[in-house]
Structure formats: structure tokens, C-alpha cells
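Right, one structure below, let's go through it.
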Amino acid sequence: MRLGVPVPLRCGPCHSRAVTASDQDVAGASRLPDEADTDDLAAALLAWYDRHARDLPWRAGPGAPPPDPYRVWLSEVMLQQTTVAAVKGYFAAFITRWPRVEDLAAASPDEVMAAWAGLGYYARARNLHACAQAVAAQGGRFPGTEAELRALPGLGAYTAAAVAAIAFGERAVVVDANVERVVARLNAIAEPLPAARPAIRAAADRITPALRAGDFAQAMMDLGATVCTSRNPRCLLCPLAAWCAARAHGAPERFPVKPPRKARPARRGQAFWIERAGAVWLVTRAARGMLGGMRALPDDGWTARADGAAVPPFAADWQPRGAVTHAFTHCDLTLSLWSADLPSGNPPGEGMWWPVAQLGEAGLPTLFARAAERVLGDCP
């Protein structure tokens, strides 16, 4: 069978099974629809989107004039590896505080990093600010093509394509995790990720229409987020079910094929709560590396000795205050906490005294916000 020719729909729920050698006529074949089939597929998806598009604060409605490029760009940067639910509040706060890209460009790096605190992947915030400054220097207007957008600081292939399609209507191939899943299932691409990504992108390119490119991109995202989900896909509600090779062979949940999950390495570290006259000593982390550029408690660089013994930054009456754990993308961290009072002077190195009563305004990343809560809850 060739993808693009509608296949008979099965009655009842989707069934999942392992992909075997007997599936070679479908799994991995990735034979794509011809032009007529592509038109039908796009029309079916856009008709579904016109009825079922998600109402999101950064979007224009289906068929409406393109939204403000600033809002599209801001939302797409925030949504990288972050859920829509988590982004909504941050997006609203940024737009309220910095309604134009020029306003964001004029903010200080500390202000931007503090406003981003808790959203994670902090290099995004640094790149966001650098990009805002570059756009502001060009009169506050985002360039209108994918190629020109790629030249801006911090804009990778995905973000440039998304902004070009959604904000400017350019035909661009937009592939996020949701789109990746939809396309892999449409074609039953059996090659595991990440090696399958070029084939997935080529397949997405074949079905992307020239008209309503932004709506099509968002429709694919919405389909993956609400219907073609990782688990328990709702195939009976899918507007593309007739074209789906994975569904035709009863194995939608097998795609995309993922490599075996590797265990994240465990790391240990120590962090130090240093207090003087109702203020706590905070440092600014190095721009490069985990939580780069963020305010934080002093720590040991997360290179604790094998025996777990703490190496404090100076001699004092250090008291243990428990520990916090945090899952990063590449490691699981256990951070032991210690506190001490400093009667006068400053600890070694650069830092600042921050009033404990106003610590919520410091913009601490989640790890150190939880560490502060742990220390304050543990202290008498």
C-alpha cells in the first residue's frame, strides 16, 4: 500500500503491537502521497483545525490575519521543551511587563533572567534577550523569511520555521515533538529517533501546503497534542486516520520508534545558606553551564567528594539543613544544604546580600528556590 491512498478504517479502538519483519510493506516504507493526496490531506486537517483549534493567548484564530511576530517568537521560545500549561502564565507576565520587543530589549539581563526563573532551560532566556536586542536594533521589526530569521541570535531551525509560517505565512516546514509523532505515524517510519528525523522532516515537507502555512503548522501541533498523543491516541477522532499507515496496521503507539532510554547519571553537591542580619548571600552563576546567569546560593560546583563530606567556602559553625533533589535533562542532582550565620563582613568572592523577606523577588531557579524553602522550613 502507498501512504496517501485512504485505507479502510477499522472499527473499534486502536490496537498496538510490536513492529515485526512482516510489516516491511508499511513500516519504514515512508512512501509519500502524490500532489492530489497531499491536497486532500491538508484540506482535511485544516477543516478539523477550523473547528477544534486550541484557544491560546499567543495565537490568532484559524483563518485570521497573522498574529504579532513578537508574540509568536516569544511563545515559541518559551514552548521549547516546556508544556503549554507551564508557559501560559510566563507568557502573560512577559507581555504585560514588556509589550513590545523594544521593551524587552531595554530590560537588564538580570530582570529577564529573574522573570524567566522557574521555566527552566535558562540559555533560552539569554538568547531571548540577545535576539530582542538584535531586532530592536533593526527598528523593532522581525525579518519575514525563514532564512533571515535564522540569522538572529538564538533562533534555530525550528523557531525560525515556526515564526516564518505562523507570523508571516511563509511555507516553512515546522516540526516539533507533536508534529514529529504525527508524521512518523502517518508514514510508519520504523527507523529509531534521532536517526529518523531527516526522513520525518522530508515527509512533513511533502504534506505542507503553500496556502495557510501557519494554520497548517499549528493544526499539526494541535493534532499531536490532543488526538495523536503519545499514549492512547484517539484515532477514531483523527482527521488523518484514512492516510495513516500506523493506524492501518494497528500499531500507532509504536511510532515514532525511540531508542532505549539511558539512565541519567547521579550527581551530588553542596549548597550553602549564609545569613547576616536578615539577609542571605546570593551569587550569580557563570553565564555558561547549568542555570547559567541565574542568582543562586553559593555551592561547590556539584562536585562533592565521593564520601559526601562538605567543603564549605569558609570556616563557620555550619549546620546541616537536609537536602533537595532535582532532575535535570542529563543528570539527577542531590544537593545537601548547610547554613551558617556571618556576624559581619562578606563571604569570599562576588555576591550580594538579599533580604530573606524579599527572597521571592530574587528570581531563583526552581532548584535553589526549593533549597531556600527547605532551609527556612528547617530553621527554628
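By order in the C-alpha cells, chains are A, B, ...; within a chain, residues start at 1; ligands start at 1, following the order shown.
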
Rows by chain and residue number, segment 233-311 of chain A within 9 Å of segment 180-183 of chain A, shortest pair, only C-alpha atoms, as CSV:
residue,atom,partner,partner_atom,distance
A:Cys244,CA,A:Val183,CA,8.9
A:Phe255,CA,A:Arg181,CA,6.8
A:Pro256,CA,A:Arg181,CA,5.7

Can you pull out the residues contacting Pro69 of chain A? Cut-off 10 Å, using only C-alpha atoms, and skip same-chain residues under 6 positions away; I want them as a list in words. Trp58, Ser75, Val101, Arg141, Phe142, Pro143, Gly144, Val163, Ala164, Ile166, Ala167 and Phe168 of chain A

For Phe94 of chain A, which residue among A:Lys258, A:Ala114, A:Leu342, A:Leu46 is the nearest when counting only C-alpha atoms?
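Residue with the minimum atom-to-atom distance to Phe94 of chain A: A:Ala114.
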
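Among the candidate residues A:Ser336, A:Arg268, A:Phe328, A:Ala315, the one lying nearest to Pro348 of chain A is A:Ala315, with distances computed using only C-alpha atoms.
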
*asked:* Just checking: using only C-alpha atoms, which residue out of A:Glu146, A:Glu373, A:Glu350, A:Glu191 ends up closest to Ala323 of chain A?
replied: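 Nearest to Ala323 of chain A: A:Glu373.
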
Inset, instruction - Using atom CA of Arg231 of chain A and atom CA of Pro252 of chain A as the two end points, give the distance in Å to one decimal. - result: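 For atom CA of Arg231 of chain A relative to atom CA of Pro252 of chain A, the distance reads 9.1 Å.
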